[in-house]
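Asker: Sharing my_file-v6.csv (CSV, C-alpha atoms) below.
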chain,number,residue,atom,x,y,z
A,1,MET,CA,-50.5,-61.9,164.8
A,2,PRO,CA,-51.2,-64.6,162.2
A,3,THR,CA,-48.3,-66.5,160.6
A,4,ILE,CA,-48.3,-68.1,157.2
A,5,VAL,CA,-45.9,-71.0,156.7
A,6,VAL,CA,-44.4,-71.7,153.2
A,7,ASP,CA,-42.5,-74.9,152.6
A,8,VAL,CA,-40.1,-75.2,149.6
A,9,MET,CA,-38.3,-78.3,148.5
A,10,PRO,CA,-35.7,-78.9,145.8
A,11,LYS,CA,-37.3,-80.5,142.7
A,12,ALA,CA,-37.6,-84.3,143.1
A,13,GLU,CA,-35.6,-85.0,139.9
A,14,LEU,CA,-32.6,-82.9,141.0
A,15,LEU,CA,-29.8,-84.2,143.1
A,16,ASP,CA,-29.8,-82.7,146.6
A,17,PRO,CA,-26.2,-82.6,147.8
A,18,GLN,CA,-27.2,-81.4,151.3
A,19,GLY,CA,-29.6,-84.2,151.7
A,20,LYS,CA,-27.0,-86.7,150.4
A,21,ALA,CA,-24.5,-85.4,153.0
A,22,ILE,CA,-27.0,-85.8,155.8
A,23,ALA,CA,-27.9,-89.3,154.7
A,24,GLY,CA,-24.2,-90.2,154.6
A,25,ALA,CA,-23.7,-88.9,158.2
A,26,LEU,CA,-26.7,-90.9,159.4
A,27,ALA,CA,-25.4,-94.1,157.8
A,28,ARG,CA,-21.9,-93.5,159.2
A,29,THR,CA,-23.1,-93.0,162.7
A,30,GLY,CA,-25.3,-96.2,162.6
A,31,ARG,CA,-28.6,-94.3,162.7
A,32,GLY,CA,-30.1,-96.0,159.7
A,33,ALA,CA,-30.3,-95.9,156.0
A,34,PHE,CA,-32.4,-93.1,154.7
A,35,ASP,CA,-32.9,-91.0,151.6
A,36,VAL,CA,-32.8,-87.5,152.9
A,37,ARG,CA,-33.9,-84.3,151.1
A,38,GLN,CA,-33.5,-80.9,152.7
A,39,GLY,CA,-35.9,-78.0,152.1
A,40,LYS,CA,-36.7,-74.6,153.5
A,41,ARG,CA,-39.5,-73.3,155.7
A,42,PHE,CA,-40.5,-69.7,155.6
A,43,GLU,CA,-42.7,-68.0,158.2
A,44,LEU,CA,-44.5,-64.8,157.1
A,45,THR,CA,-46.1,-63.0,160.0
A,46,THR,CA,-48.5,-60.2,159.3
A,47,GLU,CA,-50.7,-57.8,161.2
A,48,GLY,CA,-53.8,-58.1,159.0
A,49,PRO,CA,-56.5,-60.7,158.9
A,50,VAL,CA,-55.7,-63.7,156.7
A,51,ASP,CA,-58.2,-63.6,153.9
A,52,ASP,CA,-58.3,-65.1,150.4
A,53,GLU,CA,-56.7,-62.0,149.0
A,54,LEU,CA,-53.7,-62.2,151.4
A,55,LEU,CA,-53.3,-65.9,150.8
A,56,ALA,CA,-53.3,-65.4,147.1
A,57,SER,CA,-50.6,-62.8,147.4
A,58,VAL,CA,-48.5,-65.0,149.7
A,59,ARG,CA,-49.0,-67.8,147.1
A,60,ALA,CA,-47.6,-65.5,144.4
A,61,ILE,CA,-44.7,-64.5,146.7
A,62,ALA,CA,-43.9,-68.1,147.4
A,63,GLU,CA,-43.8,-68.9,143.7
A,64,ASP,CA,-42.0,-65.7,142.5
A,65,VAL,CA,-39.6,-65.0,145.3
A,66,LEU,CA,-39.3,-67.7,148.0
A,67,SER,CA,-38.8,-70.4,145.4
A,68,ASN,CA,-37.2,-70.7,142.0
A,69,GLY,CA,-39.5,-72.8,139.8
A,70,VAL,CA,-36.5,-74.0,137.8
A,71,ILE,CA,-35.0,-75.8,140.7
A,72,GLU,CA,-37.6,-75.9,143.5
A,73,ASP,CA,-41.3,-76.5,144.2
A,74,VAL,CA,-43.6,-74.9,146.8
A,75,VAL,CA,-44.9,-78.0,148.6
A,76,GLY,CA,-46.9,-76.4,151.4
A,77,LEU,CA,-48.6,-73.1,152.3
A,78,ARG,CA,-50.7,-72.9,155.5
A,79,VAL,CA,-51.8,-70.6,158.2
A,80,LEU,CA,-50.2,-71.4,161.6
A,81,ASP,CA,-53.0,-71.7,164.2
A,82,ASP,CA,-52.7,-71.2,167.9
A,83,ALA,CA,-52.5,-74.9,168.6
A,84,ASP,CA,-49.4,-75.1,166.4
A,85,ARG,CA,-47.9,-72.2,168.2
A,86,GLU,CA,-48.2,-73.7,171.6
A,87,ALA,CA,-46.9,-77.1,170.5
B,1,MET,CA,-16.4,-47.5,124.6
B,2,ARG,CA,-17.8,-47.6,128.2
B,3,ILE,CA,-18.5,-50.9,130.0
B,4,GLY,CA,-20.3,-50.8,133.3
B,5,VAL,CA,-19.6,-53.1,136.2
B,6,ILE,CA,-22.4,-53.3,138.8
B,7,THR,CA,-21.4,-53.7,142.4
B,8,PHE,CA,-24.0,-55.5,144.7
B,9,PRO,CA,-23.6,-55.8,148.5
B,10,GLY,CA,-21.3,-58.8,148.7
B,11,SER,CA,-19.8,-58.5,145.2
B,12,LEU,CA,-16.1,-59.6,145.3
B,13,ASP,CA,-14.9,-59.5,141.7
B,14,ASP,CA,-16.1,-56.1,140.6
B,15,ARG,CA,-12.7,-54.5,140.8
B,16,ASP,CA,-11.1,-57.3,138.8
B,17,ALA,CA,-13.9,-57.0,136.3
B,18,ARG,CA,-13.2,-53.3,135.9
B,19,ARG,CA,-9.5,-54.0,135.6
B,20,ALA,CA,-10.3,-56.5,132.9
B,21,VAL,CA,-12.4,-54.0,131.0
B,22,ARG,CA,-9.5,-51.5,131.0
B,23,ALA,CA,-7.0,-54.2,130.0
B,24,ALA,CA,-9.3,-54.9,127.0
B,25,GLY,CA,-9.2,-51.2,126.0
B,26,ALA,CA,-12.5,-49.9,127.2
B,27,GLU,CA,-13.4,-47.4,129.9
B,28,ALA,CA,-14.7,-49.2,133.1
B,29,VAL,CA,-17.7,-47.5,134.8
B,30,ALA,CA,-18.5,-48.5,138.4
B,31,LEU,CA,-22.3,-48.8,138.9
B,32,TRP,CA,-24.3,-49.4,142.1
B,33,HIS,CA,-27.1,-51.9,142.5
B,34,GLY,CA,-29.3,-49.5,144.4
B,35,ASP,CA,-29.5,-46.9,141.5
B,36,HIS,CA,-31.9,-46.8,138.6
B,37,GLU,CA,-29.1,-45.6,136.4
B,38,LEU,CA,-26.8,-47.3,133.9
B,39,GLY,CA,-24.6,-44.2,133.4
B,40,GLY,CA,-24.9,-44.3,129.6
B,41,VAL,CA,-22.7,-47.4,129.3
B,42,ASP,CA,-22.5,-49.5,126.1
B,43,ALA,CA,-22.2,-52.9,127.9
B,44,LEU,CA,-22.7,-54.4,131.3
B,45,VAL,CA,-20.9,-56.9,133.5
B,46,LEU,CA,-22.5,-58.5,136.6
B,47,PRO,CA,-19.5,-59.7,138.6
B,48,GLY,CA,-18.9,-62.6,140.9
B,49,GLY,CA,-19.1,-62.8,144.6
B,50,PHE,CA,-21.6,-63.6,147.3
B,51,SER,CA,-24.3,-60.9,146.9
B,52,TYR,CA,-26.5,-60.8,150.1
B,53,GLY,CA,-24.4,-63.7,151.5
B,54,ASP,CA,-26.2,-66.1,149.1
B,55,TYR,CA,-29.3,-65.6,151.3
B,56,LEU,CA,-32.5,-67.2,150.0
B,57,ARG,CA,-30.7,-68.5,146.8
B,58,CYS,CA,-27.5,-67.4,145.1
B,59,GLY,CA,-28.3,-64.2,143.2
B,60,ALA,CA,-31.9,-64.2,144.2
B,61,ILE,CA,-32.1,-61.1,146.2
B,62,ALA,CA,-29.6,-59.2,144.0
B,63,SER,CA,-31.9,-60.1,141.0
B,64,LEU,CA,-34.6,-57.9,142.8
B,65,SER,CA,-32.2,-54.9,143.1
B,66,PRO,CA,-33.4,-51.5,141.7
B,67,ILE,CA,-30.8,-51.5,138.9
B,68,MET,CA,-32.0,-54.9,137.6
B,69,SER,CA,-35.1,-53.3,135.9
B,70,GLU,CA,-32.7,-51.2,133.8
B,71,VAL,CA,-30.5,-54.2,133.2
B,72,ALA,CA,-33.5,-56.1,131.9
B,73,ASP,CA,-34.6,-53.2,129.6
B,74,ALA,CA,-31.0,-52.8,128.2
B,75,ALA,CA,-30.7,-56.6,127.7
B,76,GLY,CA,-34.0,-56.5,125.8
B,77,LYS,CA,-32.7,-53.8,123.5
B,78,GLY,CA,-29.6,-55.8,122.7
B,79,MET,CA,-27.0,-54.4,125.0
B,80,PRO,CA,-24.2,-56.9,125.7
B,81,VAL,CA,-24.6,-58.2,129.2
B,82,LEU,CA,-22.1,-60.6,130.8
B,83,GLY,CA,-22.9,-62.4,134.1
B,84,ILE,CA,-19.9,-64.1,135.7
B,85,CYS,CA,-20.5,-66.7,138.5
B,86,ASN,CA,-22.8,-64.9,141.0
B,87,GLY,CA,-23.7,-62.6,138.1
B,88,PHE,CA,-24.7,-65.6,136.1
B,89,GLN,CA,-26.8,-66.8,139.0
B,90,MET,CA,-28.5,-63.3,139.1
B,91,LEU,CA,-29.3,-63.4,135.4
B,92,THR,CA,-31.0,-66.8,135.8
B,93,GLU,CA,-32.9,-65.6,138.8
B,94,ALA,CA,-34.0,-62.5,136.9
B,95,GLY,CA,-35.2,-64.7,134.1
B,96,LEU,CA,-32.8,-63.2,131.6
B,97,LEU,CA,-31.1,-66.6,131.0
B,98,PRO,CA,-32.7,-70.0,131.2
B,99,GLY,CA,-31.9,-72.7,133.8
B,100,GLY,CA,-30.6,-72.4,137.3
B,101,LEU,CA,-27.5,-73.0,139.4
B,102,ILE,CA,-27.5,-75.4,142.4
B,103,ARG,CA,-25.0,-76.7,144.9
B,104,ASN,CA,-22.1,-78.6,143.3
B,105,ASP,CA,-22.9,-82.3,143.1
B,106,HIS,CA,-19.9,-83.2,145.3
B,107,GLY,CA,-21.1,-80.7,148.0
B,108,THR,CA,-17.9,-78.7,148.3
B,109,PHE,CA,-16.5,-75.4,147.1
B,110,ILE,CA,-14.1,-75.9,144.2
B,111,ARG,CA,-11.3,-73.7,142.8
B,112,ARG,CA,-9.3,-74.7,139.8
B,113,ASP,CA,-7.9,-73.5,136.5
B,114,GLN,CA,-10.6,-74.9,134.2
B,115,ARG,CA,-10.3,-76.0,130.6
B,116,LEU,CA,-13.3,-75.0,128.5
B,117,ARG,CA,-14.4,-75.3,124.9
B,118,VAL,CA,-15.9,-72.2,123.3
B,119,GLU,CA,-19.0,-73.8,121.6
B,120,ASN,CA,-20.6,-70.6,120.4
B,121,ALA,CA,-18.2,-68.0,119.0
B,122,GLY,CA,-21.0,-65.9,117.7
B,123,THR,CA,-22.1,-64.1,120.9
B,124,ALA,CA,-21.4,-60.5,121.9
B,125,TRP,CA,-18.8,-61.9,124.4
B,126,THR,CA,-17.2,-64.7,122.5
B,127,ASN,CA,-16.9,-63.4,118.9
B,128,GLY,CA,-13.1,-63.1,119.2
B,129,PHE,CA,-12.7,-66.8,119.7
B,130,ALA,CA,-12.7,-69.5,117.0
B,131,ALA,CA,-15.6,-72.0,117.4
B,132,GLY,CA,-14.3,-75.0,119.2
B,133,GLU,CA,-11.3,-73.1,120.6
B,134,GLU,CA,-10.1,-74.5,123.9
B,135,ILE,CA,-9.2,-72.0,126.7
B,136,VAL,CA,-8.3,-72.1,130.4
B,137,ILE,CA,-9.7,-69.7,132.9
B,138,PRO,CA,-10.2,-69.9,136.7
B,139,LEU,CA,-13.3,-71.4,138.2
B,140,LYS,CA,-14.3,-71.0,141.9
B,141,ASN,CA,-17.8,-71.7,143.2
B,142,GLY,CA,-19.9,-73.7,145.6
B,143,GLU,CA,-23.1,-73.5,143.7
B,144,GLY,CA,-22.2,-73.9,140.0
B,145,GLU,CA,-24.1,-77.0,138.9
B,146,TYR,CA,-26.1,-75.9,135.9
B,147,VAL,CA,-29.6,-77.5,135.7
B,148,ALA,CA,-32.6,-76.9,133.5
B,149,SER,CA,-35.6,-79.0,132.3
B,150,ALA,CA,-34.8,-81.6,129.7
B,151,GLU,CA,-36.8,-79.5,127.1
B,152,THR,CA,-34.8,-76.4,128.0
B,153,ILE,CA,-31.5,-78.3,127.7
B,154,GLN,CA,-32.6,-79.7,124.3
B,155,ARG,CA,-33.5,-76.3,123.0
B,156,LEU,CA,-30.2,-74.7,124.2
B,157,GLU,CA,-28.3,-77.5,122.5
B,158,ASP,CA,-30.3,-77.3,119.3
B,159,GLU,CA,-30.0,-73.5,119.1
B,160,GLY,CA,-26.3,-73.5,119.8
B,161,ARG,CA,-26.9,-71.5,123.0
B,162,VAL,CA,-24.4,-73.5,125.1
B,163,VAL,CA,-21.6,-70.9,124.9
B,164,VAL,CA,-18.8,-72.7,126.8
B,165,ARG,CA,-18.5,-76.3,128.0
B,166,TYR,CA,-16.3,-77.9,130.7
B,167,LEU,CA,-13.5,-80.0,129.2
B,168,GLY,CA,-11.6,-82.7,131.0
B,169,VAL,CA,-13.3,-82.4,134.4
B,170,ASN,CA,-16.9,-81.5,135.0
B,171,PRO,CA,-16.2,-79.5,138.2
B,172,ASN,CA,-19.8,-79.3,139.6
B,173,GLY,CA,-22.1,-81.9,137.9
B,174,SER,CA,-23.6,-79.4,135.4
B,175,ILE,CA,-25.9,-81.1,132.9
B,176,ASN,CA,-24.1,-81.8,129.5
B,177,ASP,CA,-20.9,-80.1,131.0
B,178,ILE,CA,-22.5,-76.7,130.5
B,179,ALA,CA,-20.3,-73.9,131.8
B,180,GLY,CA,-22.2,-71.0,130.2
B,181,VAL,CA,-25.2,-70.1,128.1
B,182,CYS,CA,-26.7,-67.2,126.2
B,183,ASN,CA,-30.1,-65.7,125.4
B,184,GLU,CA,-31.7,-66.2,122.0
B,185,ARG,CA,-30.1,-63.0,120.6
B,186,GLY,CA,-26.6,-63.8,122.0
B,187,ASN,CA,-26.2,-60.5,123.7
B,188,VAL,CA,-26.7,-61.8,127.2
B,189,VAL,CA,-24.1,-64.4,128.3
B,190,GLY,CA,-23.6,-66.0,131.7
B,191,LEU,CA,-20.9,-68.4,132.8
B,192,MET,CA,-19.6,-69.8,136.1
B,193,PRO,CA,-15.8,-69.6,135.3
B,194,HIS,CA,-14.1,-66.2,135.7
B,195,PRO,CA,-12.7,-64.6,132.5
B,196,GLU,CA,-11.8,-61.5,134.4
B,197,HIS,CA,-9.2,-63.4,136.4
B,198,ALA,CA,-7.3,-64.3,133.3
B,199,THR,CA,-6.6,-61.0,131.6
B,200,GLU,CA,-3.1,-59.9,132.7
B,201,PRO,CA,0.2,-61.8,132.4
B,202,GLY,CA,1.4,-62.7,135.9
B,203,PHE,CA,-2.0,-63.1,137.3
B,204,GLY,CA,-3.7,-65.8,135.2
B,205,PRO,CA,-3.6,-69.6,135.0
B,206,ASP,CA,-0.3,-71.3,134.3
B,207,THR,CA,0.4,-72.1,130.7
B,208,ASP,CA,3.0,-74.3,129.0
B,209,ALA,CA,4.9,-71.1,128.3
B,210,ALA,CA,5.1,-69.6,131.8
B,211,MET,CA,3.5,-69.6,135.2
B,212,ARG,CA,0.4,-67.5,135.6
B,213,SER,CA,0.7,-66.2,132.0
B,214,GLY,CA,-2.8,-67.3,130.8
B,215,VAL,CA,-4.9,-64.4,129.5
B,216,ASP,CA,-7.6,-66.4,127.7
B,217,GLY,CA,-10.3,-64.4,129.6
B,218,LEU,CA,-9.3,-61.1,127.9
B,219,THR,CA,-11.1,-62.2,124.7
B,220,PHE,CA,-14.5,-62.1,126.4
B,221,PHE,CA,-14.0,-58.3,126.9
B,222,THR,CA,-12.4,-57.5,123.6
B,223,SER,CA,-15.3,-59.4,121.9
B,224,ALA,CA,-17.8,-57.1,123.5
B,225,ILE,CA,-15.8,-54.1,122.3
B,226,ALA,CA,-15.7,-55.6,118.8
B,227,ALA,CA,-19.5,-56.3,118.9
B,228,LEU,CA,-20.2,-52.7,119.9
B,229,THR,CA,-17.8,-51.3,117.3
B,230,ALA,CA,-19.4,-53.4,114.5
B,231,ALA,CA,-22.9,-52.4,115.6
Mind turning the file's structure into structure tokens?
Answerer:
Amino acid sequence: MPTIVVDVMPKAELLDPQGKAIAGALARTGRGAFDVRQGKRFELTTEGPVDDELLASVRAIAEDVLSNGVIEDVVGLRVLDDADREA
Amino acid sequence: MRIGVITFPGSLDDRDARRAVRAAGAEAVALWHGDHELGGVDALVLPGGFSYGDYLRCGAIASLSPIMSEVADAAGKGMPVLGICNGFQMLTEAGLLPGGLIRNDHGTFIRRDQRLRVENAGTAWTNGFAAGEEIVIPLKNGEGEYVASAETIQRLEDEGRVVVRYLGVNPNGSINDIAGVCNERGNVVGLMPHPEHATEPGFGPDTDAAMRSGVDGLTFFTSAIAALTAA
């Protein structure tokens, strides 16, 4: 069954307290100085064939439901292929 | 006068909100998120809590509840609607109020008795205050940082749609210390602090007069009754 992956990130101009906490922990443990931002990955698995119509409707779902355009951006939408799956 | 309080899965403050409605002198009507039915109420409260465990985003899944289509219709027709905390988050997720709420800038949950200034005393839920009046009501949230685009913030400020503003301490990093906003018409109001927890002597914030005697939150509910009586 095909799986569509949607990636959502907090808007670049907004503070990301989760990312900041992670960056703090990395610095404290001597693992390096990084800017860290934390996002979300959604996997939508479906029975049907992945055609343009389905991708358009997943794009709409990503923008209307999976993300909130006031605070987040959809930064990725792709179909997971078998090579990805075995990796 | 009948004021409905909608319970969502994970609502916590629905009973307190109903109690506050009764303390203000109205009949409290318990409503359920899964119904397409507002029970003929005159006003609505979306209470605080952690609907759907804050899954996806705070208030996001609740904003898709069956009853929310009726809430949107009623709000569009001018019914007073108050969103408190998680209810505020739902109203922004539903697009009934501008902006959004994200995790507090300091990353932790906070609970405090919060001083606020009532900036707009013309809304359906604040008409009993004097403009500029300072009040204290409890605040308790993990995701209460109010954000919106620079244009939206400018418009809210220009149009006087910042209803309440944090005083003294900005507890969550909200832009311009914004604690609550309203829609253009002023019938839909959302705020992060909890007026329903400051409506009965003995159970509110401390005041100079006596411990736990603060009842500043009651005026939100009596304001709605006054707005409906005047209408």
Asker: So how many Å separate CA of Leu156 (chain B) and CA of Val181 (chain B), to one decimal?
Answerer: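 CA of Leu156 (chain B) sits 7.8 Å away from CA of Val181 (chain B).
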Asker: Do a neighbour search on region 6-12 of chain A at 7 Å with only C-alpha atoms, toss out local chain neighbours closer than 2 positions, and write the hits as number ranges by chain.
Answerer: A: 4, 14, 38-43, 62, 67, 71-78
Asker: Rank nothing, just name the residue among A:Ala23, A:Ala33, A:Leu80, A:Val5 nearest to Leu66 (chain A), using all atoms listed in the file.
Answerer: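 When distances to Leu66 (chain A) are compared using all atoms listed in the file, the smallest one comes from A:Val5.
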Asker: Find the residues around Arg165 (chain B) up to 6 Å (all atoms listed in the file counted), leave out those fewer than 5 positions away in its own chain, and share them as a ChimeraX atom specification.
Answerer: /B:116-117,177-179
Asker: Define the interface residues of chain A facing chain B as those within 8 Å, counting all atoms listed in the file, and report them as a list in words.
Answerer: Leu15, Asp16, Pro17, Gln18, Ala21, Val65, Leu66, Asn68, Val70 and Ile71 of chain A
Asker: When you draw a straight line from CA of Leu218 (chain B) to CA of Glu27 (chain B), how long is it in Å?
Answerer: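 Between CA of Leu218 (chain B) and CA of Glu27 (chain B) the gap works out to 14.4 Å.
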Asker: So the first atom is CA of Met192 (chain B) and the second is CA of Ile84 (chain B); what is the distance between them in Å, to one decimal place?
Answerer: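 Computing it gives 5.7 Å between the two atoms.
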Asker: Write out as a PyMOL selection string each polymer residue whose atoms come within 12 Å of Ser51 (chain B), counting all atoms listed in the file; drop sequence neighbours fewer than 4 positions from it.
Answerer: chain B and resi 6-14+33+46-47+55-65+85-90
Asker: In the coordinate frame of the file, compute which residues have an atom within 12 Å of (-12.8, -64.5, 130.3) when using only C-alpha atoms, and state them as an mmCIF file with C-alpha atoms, keeping the file's coordinate frame.
Answerer:
data_model
loop_
_atom_site.group_PDB
_atom_site.id
_atom_site.type_symbol
_atom_site.label_atom_id
_atom_site.label_comp_id
_atom_site.auth_asym_id
_atom_site.auth_seq_id
_atom_site.Cartn_x
_atom_site.Cartn_y
_atom_site.Cartn_z
ATOM 1 C CA ASP B 16 -11.100 -57.300 138.800
ATOM 2 C CA ALA B 17 -13.900 -57.000 136.300
ATOM 3 C CA ALA B 20 -10.300 -56.500 132.900
ATOM 4 C CA VAL B 21 -12.400 -54.000 131.000
ATOM 5 C CA ALA B 23 -7.000 -54.200 130.000
ATOM 6 C CA ALA B 24 -9.300 -54.900 127.000
ATOM 7 C CA VAL B 45 -20.900 -56.900 133.500
ATOM 8 C CA PRO B 47 -19.500 -59.700 138.600
ATOM 9 C CA LEU B 82 -22.100 -60.600 130.800
ATOM 10 C CA GLY B 83 -22.900 -62.400 134.100
ATOM 11 C CA ILE B 84 -19.900 -64.100 135.700
ATOM 12 C CA CYS B 85 -20.500 -66.700 138.500
ATOM 13 C CA ASP B 113 -7.900 -73.500 136.500
ATOM 14 C CA GLN B 114 -10.600 -74.900 134.200
ATOM 15 C CA ARG B 115 -10.300 -76.000 130.600
ATOM 16 C CA LEU B 116 -13.300 -75.000 128.500
ATOM 17 C CA VAL B 118 -15.900 -72.200 123.300
ATOM 18 C CA TRP B 125 -18.800 -61.900 124.400
ATOM 19 C CA THR B 126 -17.200 -64.700 122.500
ATOM 20 C CA GLY B 128 -13.100 -63.100 119.200
ATOM 21 C CA PHE B 129 -12.700 -66.800 119.700
ATOM 22 C CA ILE B 135 -9.200 -72.000 126.700
ATOM 23 C CA VAL B 136 -8.300 -72.100 130.400
ATOM 24 C CA ILE B 137 -9.700 -69.700 132.900
ATOM 25 C CA PRO B 138 -10.200 -69.900 136.700
ATOM 26 C CA LEU B 139 -13.300 -71.400 138.200
ATOM 27 C CA VAL B 164 -18.800 -72.700 126.800
ATOM 28 C CA GLY B 180 -22.200 -71.000 130.200
ATOM 29 C CA VAL B 189 -24.100 -64.400 128.300
ATOM 30 C CA GLY B 190 -23.600 -66.000 131.700
ATOM 31 C CA LEU B 191 -20.900 -68.400 132.800
ATOM 32 C CA MET B 192 -19.600 -69.800 136.100
ATOM 33 C CA PRO B 193 -15.800 -69.600 135.300
ATOM 34 C CA HIS B 194 -14.100 -66.200 135.700
ATOM 35 C CA PRO B 195 -12.700 -64.600 132.500
ATOM 36 C CA GLU B 196 -11.800 -61.500 134.400
ATOM 37 C CA HIS B 197 -9.200 -63.400 136.400
ATOM 38 C CA ALA B 198 -7.300 -64.300 133.300
ATOM 39 C CA THR B 199 -6.600 -61.000 131.600
ATOM 40 C CA GLU B 200 -3.100 -59.900 132.700
ATOM 41 C CA GLY B 204 -3.700 -65.800 135.200
ATOM 42 C CA PRO B 205 -3.600 -69.600 135.000
ATOM 43 C CA GLY B 214 -2.800 -67.300 130.800
ATOM 44 C CA VAL B 215 -4.900 -64.400 129.500
ATOM 45 C CA ASP B 216 -7.600 -66.400 127.700
ATOM 46 C CA GLY B 217 -10.300 -64.400 129.600
ATOM 47 C CA LEU B 218 -9.300 -61.100 127.900
ATOM 48 C CA THR B 219 -11.100 -62.200 124.700
ATOM 49 C CA PHE B 220 -14.500 -62.100 126.400
ATOM 50 C CA PHE B 221 -14.000 -58.300 126.900
ATOM 51 C CA THR B 222 -12.400 -57.500 123.600
ATOM 52 C CA SER B 223 -15.300 -59.400 121.900
ATOM 53 C CA ALA B 224 -17.800 -57.100 123.500
#
